[in-house]
Amino acid sequence: MTTTAQNSIREKYYTEAIRYMDNAKGTLIKANKHDNYYQDDKYVKFACGIAYSGVLIALDGYFLIKDVKAPRGRKSVEFYQESVSKLDKKMLNYFSNVYKVLHLAGYYDGVTNVKVIQAGFEEAYNIIKKIKPTDSLSGAKNKNEKK
């Protein structure tokens, strides 16, 4: 695959993943943070689900670039774990944390601890940064992305 083709994939999937993260952060604001806890677990659940979906989009782009064949139909968490483990052990740690924090604790269990949710978002950004285009067509770094 040419560098141009890779960058086109990176741009498409990175932009979409960041859009999801921006939406997740906007939803999280509706959860009304008070001290170290969000007050409305419904919005925390929504935000975590959106952020987790953004990570899966980023990983789908990463897999395209790395020529990883996806199964037909629905992809399982096991597919993502196995595929990531073959490509990047550090990213596997990020994904394991994202899965446990955002998907399980945040989305399913409704954990409302601000530090826990923020840690999940940081791990999500660590994955998304892996597909950031080298010469982003969008210009400057997204203002909402963590450095």
# chains A, B, ... in the order shown; residues from 1 in each chain; ligands from 1

$ residues_around --residues "Thr27 in chain A" --least-positions-apart "2" --cutoff "12 Å" --atoms "only C-alpha atoms" --output "NGL selection string"
:A and (20-25 or 29-33 or 38 or 40-51)

$ closest_residue --among "A:Tyr37, A:Phe121, A:Tyr13, A:Phe63" --to "Tyr99 in chain A" --atoms "only C-alpha atoms"
A:Phe121

$ atom_distance --atom1 "CA of Ile9 in chain A" --atom2 "CA of Leu64 in chain A"
7.7 Å

$ atom_distance --atom1 "CA of Tyr52 in chain A" --atom2 "CA of Val114 in chain A"
16.5 Å

$ atom_distance --atom1 "CA of Lys100 in chain A" --atom2 "CA of Gly61 in chain A"
21.5 Å

$ select_by_dssp --residues "chain A" --states "alpha helix (DSSP H)" --output "ChimeraX atom specification"
/A:3-29,41-65,77-87,89-98,114-128

$ write_last_selection --atoms "C-alpha atoms" --output "PDB file, in the first residue's frame"
ATOM      1  CA  THR A   3       2.048   6.099   1.603  1.00  0.00           C
ATOM      2  CA  THR A   4      -0.624   8.241  -0.038  1.00  0.00           C
ATOM      3  CA  ALA A   5      -3.200   5.465   0.328  1.00  0.00           C
ATOM      4  CA  GLN A   6      -2.188   4.914   3.959  1.00  0.00           C
ATOM      5  CA  ASN A   7      -2.471   8.618   4.696  1.00  0.00           C
ATOM      6  CA  SER A   8      -5.905   8.728   3.077  1.00  0.00           C
ATOM      7  CA  ILE A   9      -7.068   5.900   5.349  1.00  0.00           C
ATOM      8  CA  ARG A  10      -5.454   7.588   8.352  1.00  0.00           C
ATOM      9  CA  GLU A  11      -7.174  10.891   7.580  1.00  0.00           C
ATOM     10  CA  LYS A  12     -10.590   9.293   7.152  1.00  0.00           C
ATOM     11  CA  TYR A  13     -10.515   7.086  10.253  1.00  0.00           C
ATOM     12  CA  TYR A  14      -8.659   9.567  12.465  1.00  0.00           C
ATOM     13  CA  THR A  15     -11.110  12.350  11.653  1.00  0.00           C
ATOM     14  CA  GLU A  16     -14.077  10.090  12.377  1.00  0.00           C
ATOM     15  CA  ALA A  17     -12.572   8.764  15.634  1.00  0.00           C
ATOM     16  CA  ILE A  18     -11.877  12.319  16.843  1.00  0.00           C
ATOM     17  CA  ARG A  19     -15.437  13.307  15.895  1.00  0.00           C
ATOM     18  CA  TYR A  20     -16.709  10.501  18.122  1.00  0.00           C
ATOM     19  CA  MET A  21     -14.432  11.583  20.976  1.00  0.00           C
ATOM     20  CA  ASP A  22     -15.620  15.170  20.650  1.00  0.00           C
ATOM     21  CA  ASN A  23     -19.226  13.960  20.801  1.00  0.00           C
ATOM     22  CA  ALA A  24     -18.416  11.792  23.815  1.00  0.00           C
ATOM     23  CA  LYS A  25     -16.850  14.735  25.645  1.00  0.00           C
ATOM     24  CA  GLY A  26     -19.882  16.878  24.849  1.00  0.00           C
ATOM     25  CA  THR A  27     -22.181  14.190  26.219  1.00  0.00           C
ATOM     26  CA  LEU A  28     -20.062  13.829  29.352  1.00  0.00           C
ATOM     27  CA  ILE A  29     -20.581  17.518  30.126  1.00  0.00           C
ATOM     28  CA  ASP A  41     -24.866   7.973  35.041  1.00  0.00           C
ATOM     29  CA  LYS A  42     -27.062   7.919  31.924  1.00  0.00           C
ATOM     30  CA  TYR A  43     -24.857  10.509  30.235  1.00  0.00           C
ATOM     31  CA  VAL A  44     -21.697   8.826  31.499  1.00  0.00           C
ATOM     32  CA  LYS A  45     -22.894   5.584  29.906  1.00  0.00           C
ATOM     33  CA  PHE A  46     -23.686   7.344  26.622  1.00  0.00           C
ATOM     34  CA  ALA A  47     -20.324   9.132  26.591  1.00  0.00           C
ATOM     35  CA  CYS A  48     -18.360   5.967  27.326  1.00  0.00           C
ATOM     36  CA  GLY A  49     -20.201   4.062  24.612  1.00  0.00           C
ATOM     37  CA  ILE A  50     -19.515   6.795  22.076  1.00  0.00           C
ATOM     38  CA  ALA A  51     -15.823   6.987  23.035  1.00  0.00           C
ATOM     39  CA  TYR A  52     -15.437   3.209  22.843  1.00  0.00           C
ATOM     40  CA  SER A  53     -17.014   3.252  19.384  1.00  0.00           C
ATOM     41  CA  GLY A  54     -14.501   5.912  18.353  1.00  0.00           C
ATOM     42  CA  VAL A  55     -11.665   3.640  19.440  1.00  0.00           C
ATOM     43  CA  LEU A  56     -13.057   0.767  17.378  1.00  0.00           C
ATOM     44  CA  ILE A  57     -13.189   3.072  14.358  1.00  0.00           C
ATOM     45  CA  ALA A  58      -9.549   4.020  14.906  1.00  0.00           C
ATOM     46  CA  LEU A  59      -8.589   0.357  15.210  1.00  0.00           C
ATOM     47  CA  ASP A  60     -10.488  -0.501  12.031  1.00  0.00           C
ATOM     48  CA  GLY A  61      -8.382   2.095  10.209  1.00  0.00           C
ATOM     49  CA  TYR A  62      -5.203   0.782  11.818  1.00  0.00           C
ATOM     50  CA  PHE A  63      -6.096  -2.745  10.694  1.00  0.00           C
ATOM     51  CA  LEU A  64      -6.690  -1.576   7.116  1.00  0.00           C
ATOM     52  CA  ILE A  65      -3.246  -0.004   7.033  1.00  0.00           C
ATOM     53  CA  VAL A  77     -13.724  -7.874  21.292  1.00  0.00           C
ATOM     54  CA  GLU A  78     -11.646 -11.040  20.967  1.00  0.00           C
ATOM     55  CA  PHE A  79     -10.951 -10.159  17.323  1.00  0.00           C
ATOM     56  CA  TYR A  80      -9.713  -6.716  18.351  1.00  0.00           C
ATOM     57  CA  GLN A  81      -7.622  -8.092  21.229  1.00  0.00           C
ATOM     58  CA  GLU A  82      -6.039 -10.839  19.130  1.00  0.00           C
ATOM     59  CA  SER A  83      -5.346  -8.563  16.169  1.00  0.00           C
ATOM     60  CA  VAL A  84      -3.861  -5.780  18.282  1.00  0.00           C
ATOM     61  CA  SER A  85      -1.730  -8.260  20.244  1.00  0.00           C
ATOM     62  CA  LYS A  86      -0.068  -9.378  17.002  1.00  0.00           C
ATOM     63  CA  LEU A  87       0.757  -5.817  15.958  1.00  0.00           C
ATOM     64  CA  LYS A  89       1.825  -4.890  22.634  1.00  0.00           C
ATOM     65  CA  LYS A  90       1.675  -1.349  24.010  1.00  0.00           C
ATOM     66  CA  MET A  91      -1.522  -0.684  22.076  1.00  0.00           C
ATOM     67  CA  LEU A  92      -2.913  -3.920  23.499  1.00  0.00           C
ATOM     68  CA  ASN A  93      -2.496  -2.449  26.996  1.00  0.00           C
ATOM     69  CA  TYR A  94      -4.307   0.695  25.893  1.00  0.00           C
ATOM     70  CA  PHE A  95      -7.106  -1.318  24.334  1.00  0.00           C
ATOM     71  CA  SER A  96      -7.478  -3.563  27.387  1.00  0.00           C
ATOM     72  CA  ASN A  97      -7.853  -0.496  29.573  1.00  0.00           C
ATOM     73  CA  VAL A  98     -10.297   1.165  27.175  1.00  0.00           C
ATOM     74  CA  VAL A 114     -14.354  11.379  37.172  1.00  0.00           C
ATOM     75  CA  LYS A 115     -10.745  10.160  37.421  1.00  0.00           C
ATOM     76  CA  VAL A 116     -11.664   6.677  36.219  1.00  0.00           C
ATOM     77  CA  ILE A 117     -13.582   7.960  33.201  1.00  0.00           C
ATOM     78  CA  GLN A 118     -10.884  10.504  32.347  1.00  0.00           C
ATOM     79  CA  ALA A 119      -8.268   7.732  32.479  1.00  0.00           C
ATOM     80  CA  GLY A 120     -10.342   5.740  29.995  1.00  0.00           C
ATOM     81  CA  PHE A 121     -10.557   8.739  27.671  1.00  0.00           C
ATOM     82  CA  GLU A 122      -6.773   9.239  27.865  1.00  0.00           C
ATOM     83  CA  GLU A 123      -6.190   5.610  26.896  1.00  0.00           C
ATOM     84  CA  ALA A 124      -8.639   6.051  24.014  1.00  0.00           C
ATOM     85  CA  TYR A 125      -6.639   9.016  22.724  1.00  0.00           C
ATOM     86  CA  ASN A 126      -3.444   6.938  22.952  1.00  0.00           C
ATOM     87  CA  ILE A 127      -4.953   4.506  20.452  1.00  0.00           C
ATOM     88  CA  ILE A 128      -6.403   7.173  18.179  1.00  0.00           C
TER      89      ILE A 128
END

$ select_by_dssp --residues "range 17-140 of chain A" --states "strand (DSSP E)" --output "list in words"
Lys33, His34, Tyr37 and Tyr38 of chain A

$ decode --residues "range 41-82 of chain A" --atoms "N, CA and C atoms" --output "PDB file, in the first residue's frame"
ATOM      1  N   ASP A  41     -25.549   9.110  35.664  1.00  0.00           N
ATOM      2  CA  ASP A  41     -24.866   7.973  35.041  1.00  0.00           C
ATOM      3  C   ASP A  41     -25.362   7.677  33.626  1.00  0.00           C
ATOM      4  N   LYS A  42     -26.553   8.126  33.282  1.00  0.00           N
ATOM      5  CA  LYS A  42     -27.062   7.919  31.924  1.00  0.00           C
ATOM      6  C   LYS A  42     -26.129   8.572  30.907  1.00  0.00           C
ATOM      7  N   TYR A  43     -25.732   9.814  31.159  1.00  0.00           N
ATOM      8  CA  TYR A  43     -24.857  10.509  30.235  1.00  0.00           C
ATOM      9  C   TYR A  43     -23.436   9.952  30.270  1.00  0.00           C
ATOM     10  N   VAL A  44     -23.008   9.476  31.412  1.00  0.00           N
ATOM     11  CA  VAL A  44     -21.697   8.826  31.499  1.00  0.00           C
ATOM     12  C   VAL A  44     -21.704   7.578  30.619  1.00  0.00           C
ATOM     13  N   LYS A  45     -22.775   6.794  30.723  1.00  0.00           N
ATOM     14  CA  LYS A  45     -22.894   5.584  29.906  1.00  0.00           C
ATOM     15  C   LYS A  45     -22.883   5.928  28.418  1.00  0.00           C
ATOM     16  N   PHE A  46     -23.662   6.924  28.024  1.00  0.00           N
ATOM     17  CA  PHE A  46     -23.686   7.344  26.622  1.00  0.00           C
ATOM     18  C   PHE A  46     -22.286   7.763  26.165  1.00  0.00           C
ATOM     19  N   ALA A  47     -21.640   8.608  26.954  1.00  0.00           N
ATOM     20  CA  ALA A  47     -20.324   9.132  26.591  1.00  0.00           C
ATOM     21  C   ALA A  47     -19.293   8.010  26.461  1.00  0.00           C
ATOM     22  N   CYS A  48     -19.316   7.074  27.379  1.00  0.00           N
ATOM     23  CA  CYS A  48     -18.360   5.967  27.326  1.00  0.00           C
ATOM     24  C   CYS A  48     -18.614   5.084  26.110  1.00  0.00           C
ATOM     25  N   GLY A  49     -19.869   4.851  25.792  1.00  0.00           N
ATOM     26  CA  GLY A  49     -20.201   4.062  24.612  1.00  0.00           C
ATOM     27  C   GLY A  49     -19.749   4.736  23.330  1.00  0.00           C
ATOM     28  N   ILE A  50     -19.933   6.034  23.257  1.00  0.00           N
ATOM     29  CA  ILE A  50     -19.515   6.795  22.076  1.00  0.00           C
ATOM     30  C   ILE A  50     -17.991   6.768  21.949  1.00  0.00           C
ATOM     31  N   ALA A  51     -17.294   6.987  23.056  1.00  0.00           N
ATOM     32  CA  ALA A  51     -15.823   6.987  23.035  1.00  0.00           C
ATOM     33  C   ALA A  51     -15.282   5.612  22.640  1.00  0.00           C
ATOM     34  N   TYR A  52     -15.867   4.566  23.183  1.00  0.00           N
ATOM     35  CA  TYR A  52     -15.437   3.209  22.843  1.00  0.00           C
ATOM     36  C   TYR A  52     -15.647   2.948  21.349  1.00  0.00           C
ATOM     37  N   SER A  53     -16.758   3.404  20.817  1.00  0.00           N
ATOM     38  CA  SER A  53     -17.014   3.252  19.384  1.00  0.00           C
ATOM     39  C   SER A  53     -15.969   3.995  18.557  1.00  0.00           C
ATOM     40  N   GLY A  54     -15.553   5.158  19.033  1.00  0.00           N
ATOM     41  CA  GLY A  54     -14.501   5.912  18.353  1.00  0.00           C
ATOM     42  C   GLY A  54     -13.187   5.151  18.314  1.00  0.00           C
ATOM     43  N   VAL A  55     -12.883   4.458  19.393  1.00  0.00           N
ATOM     44  CA  VAL A  55     -11.665   3.640  19.440  1.00  0.00           C
ATOM     45  C   VAL A  55     -11.745   2.501  18.425  1.00  0.00           C
ATOM     46  N   LEU A  56     -12.896   1.863  18.339  1.00  0.00           N
ATOM     47  CA  LEU A  56     -13.057   0.767  17.378  1.00  0.00           C
ATOM     48  C   LEU A  56     -12.900   1.268  15.943  1.00  0.00           C
ATOM     49  N   ILE A  57     -13.367   2.471  15.685  1.00  0.00           N
ATOM     50  CA  ILE A  57     -13.189   3.072  14.358  1.00  0.00           C
ATOM     51  C   ILE A  57     -11.698   3.278  14.081  1.00  0.00           C
ATOM     52  N   ALA A  58     -10.989   3.814  15.070  1.00  0.00           N
ATOM     53  CA  ALA A  58      -9.549   4.020  14.906  1.00  0.00           C
ATOM     54  C   ALA A  58      -8.832   2.693  14.661  1.00  0.00           C
ATOM     55  N   LEU A  59      -9.216   1.667  15.397  1.00  0.00           N
ATOM     56  CA  LEU A  59      -8.589   0.357  15.210  1.00  0.00           C
ATOM     57  C   LEU A  59      -8.922  -0.235  13.842  1.00  0.00           C
ATOM     58  N   ASP A  60     -10.129  -0.023  13.369  1.00  0.00           N
ATOM     59  CA  ASP A  60     -10.488  -0.501  12.031  1.00  0.00           C
ATOM     60  C   ASP A  60      -9.580   0.139  10.979  1.00  0.00           C
ATOM     61  N   GLY A  61      -9.301   1.419  11.125  1.00  0.00           N
ATOM     62  CA  GLY A  61      -8.382   2.095  10.209  1.00  0.00           C
ATOM     63  C   GLY A  61      -6.964   1.562  10.330  1.00  0.00           C
ATOM     64  N   TYR A  62      -6.537   1.335  11.555  1.00  0.00           N
ATOM     65  CA  TYR A  62      -5.203   0.782  11.818  1.00  0.00           C
ATOM     66  C   TYR A  62      -5.071  -0.597  11.163  1.00  0.00           C
ATOM     67  N   PHE A  63      -6.113  -1.408  11.287  1.00  0.00           N
ATOM     68  CA  PHE A  63      -6.096  -2.745  10.694  1.00  0.00           C
ATOM     69  C   PHE A  63      -6.055  -2.691   9.169  1.00  0.00           C
ATOM     70  N   LEU A  64      -6.748  -1.737   8.578  1.00  0.00           N
ATOM     71  CA  LEU A  64      -6.690  -1.576   7.116  1.00  0.00           C
ATOM     72  C   LEU A  64      -5.263  -1.283   6.661  1.00  0.00           C
ATOM     73  N   ILE A  65      -4.615  -0.381   7.375  1.00  0.00           N
ATOM     74  CA  ILE A  65      -3.246  -0.004   7.033  1.00  0.00           C
ATOM     75  C   ILE A  65      -2.307  -1.199   7.193  1.00  0.00           C
ATOM     76  N   LYS A  66      -2.539  -1.999   8.211  1.00  0.00           N
ATOM     77  CA  LYS A  66      -1.687  -3.162   8.505  1.00  0.00           C
ATOM     78  C   LYS A  66      -2.132  -4.420   7.767  1.00  0.00           C
ATOM     79  N   ASP A  67      -3.160  -4.300   6.928  1.00  0.00           N
ATOM     80  CA  ASP A  67      -3.683  -5.399   6.125  1.00  0.00           C
ATOM     81  C   ASP A  67      -4.179  -6.574   6.978  1.00  0.00           C
ATOM     82  N   VAL A  68      -4.860  -6.257   8.068  1.00  0.00           N
ATOM     83  CA  VAL A  68      -5.482  -7.268   8.917  1.00  0.00           C
ATOM     84  C   VAL A  68      -6.875  -7.531   8.368  1.00  0.00           C
ATOM     85  N   LYS A  69      -7.155  -8.775   8.106  1.00  0.00           N
ATOM     86  CA  LYS A  69      -8.455  -9.159   7.556  1.00  0.00           C
ATOM     87  C   LYS A  69      -9.478  -9.284   8.677  1.00  0.00           C
ATOM     88  N   ALA A  70     -10.573  -8.574   8.539  1.00  0.00           N
ATOM     89  CA  ALA A  70     -11.652  -8.625   9.523  1.00  0.00           C
ATOM     90  C   ALA A  70     -12.585  -9.782   9.187  1.00  0.00           C
ATOM     91  N   PRO A  71     -13.188 -10.372  10.203  1.00  0.00           N
ATOM     92  CA  PRO A  71     -14.143 -11.453   9.933  1.00  0.00           C
ATOM     93  C   PRO A  71     -15.397 -10.902   9.274  1.00  0.00           C
ATOM     94  N   ARG A  72     -16.131 -11.786   8.621  1.00  0.00           N
ATOM     95  CA  ARG A  72     -17.412 -11.376   8.052  1.00  0.00           C
ATOM     96  C   ARG A  72     -18.390 -11.170   9.196  1.00  0.00           C
ATOM     97  N   GLY A  73     -19.250 -10.193   9.049  1.00  0.00           N
ATOM     98  CA  GLY A  73     -20.238  -9.936  10.094  1.00  0.00           C
ATOM     99  C   GLY A  73     -19.665  -9.104  11.225  1.00  0.00           C
ATOM    100  N   ARG A  74     -20.228  -9.296  12.378  1.00  0.00           N
ATOM    101  CA  ARG A  74     -19.861  -8.522  13.559  1.00  0.00           C
ATOM    102  C   ARG A  74     -18.479  -8.927  14.080  1.00  0.00           C
ATOM    103  N   LYS A  75     -17.686  -7.918  14.442  1.00  0.00           N
ATOM    104  CA  LYS A  75     -16.367  -8.169  15.015  1.00  0.00           C
ATOM    105  C   LYS A  75     -16.501  -8.232  16.535  1.00  0.00           C
ATOM    106  N   SER A  76     -15.831  -9.180  17.129  1.00  0.00           N
ATOM    107  CA  SER A  76     -15.888  -9.345  18.581  1.00  0.00           C
ATOM    108  C   SER A  76     -14.717  -8.636  19.248  1.00  0.00           C
ATOM    109  N   VAL A  77     -14.829  -8.455  20.541  1.00  0.00           N
ATOM    110  CA  VAL A  77     -13.724  -7.874  21.292  1.00  0.00           C
ATOM    111  C   VAL A  77     -12.507  -8.793  21.190  1.00  0.00           C
ATOM    112  N   GLU A  78     -12.746 -10.093  21.103  1.00  0.00           N
ATOM    113  CA  GLU A  78     -11.646 -11.040  20.967  1.00  0.00           C
ATOM    114  C   GLU A  78     -10.880 -10.810  19.661  1.00  0.00           C
ATOM    115  N   PHE A  79     -11.610 -10.482  18.590  1.00  0.00           N
ATOM    116  CA  PHE A  79     -10.951 -10.159  17.323  1.00  0.00           C
ATOM    117  C   PHE A  79     -10.027  -8.961  17.511  1.00  0.00           C
ATOM    118  N   TYR A  80     -10.534  -7.911  18.137  1.00  0.00           N
ATOM    119  CA  TYR A  80      -9.713  -6.716  18.351  1.00  0.00           C
ATOM    120  C   TYR A  80      -8.514  -7.035  19.234  1.00  0.00           C
ATOM    121  N   GLN A  81      -8.727  -7.752  20.324  1.00  0.00           N
ATOM    122  CA  GLN A  81      -7.622  -8.092  21.229  1.00  0.00           C
ATOM    123  C   GLN A  81      -6.554  -8.926  20.530  1.00  0.00           C
ATOM    124  N   GLU A  82      -6.985  -9.949  19.816  1.00  0.00           N
ATOM    125  CA  GLU A  82      -6.039 -10.839  19.130  1.00  0.00           C
ATOM    126  C   GLU A  82      -5.281 -10.089  18.044  1.00  0.00           C
TER     127      GLU A  82
END
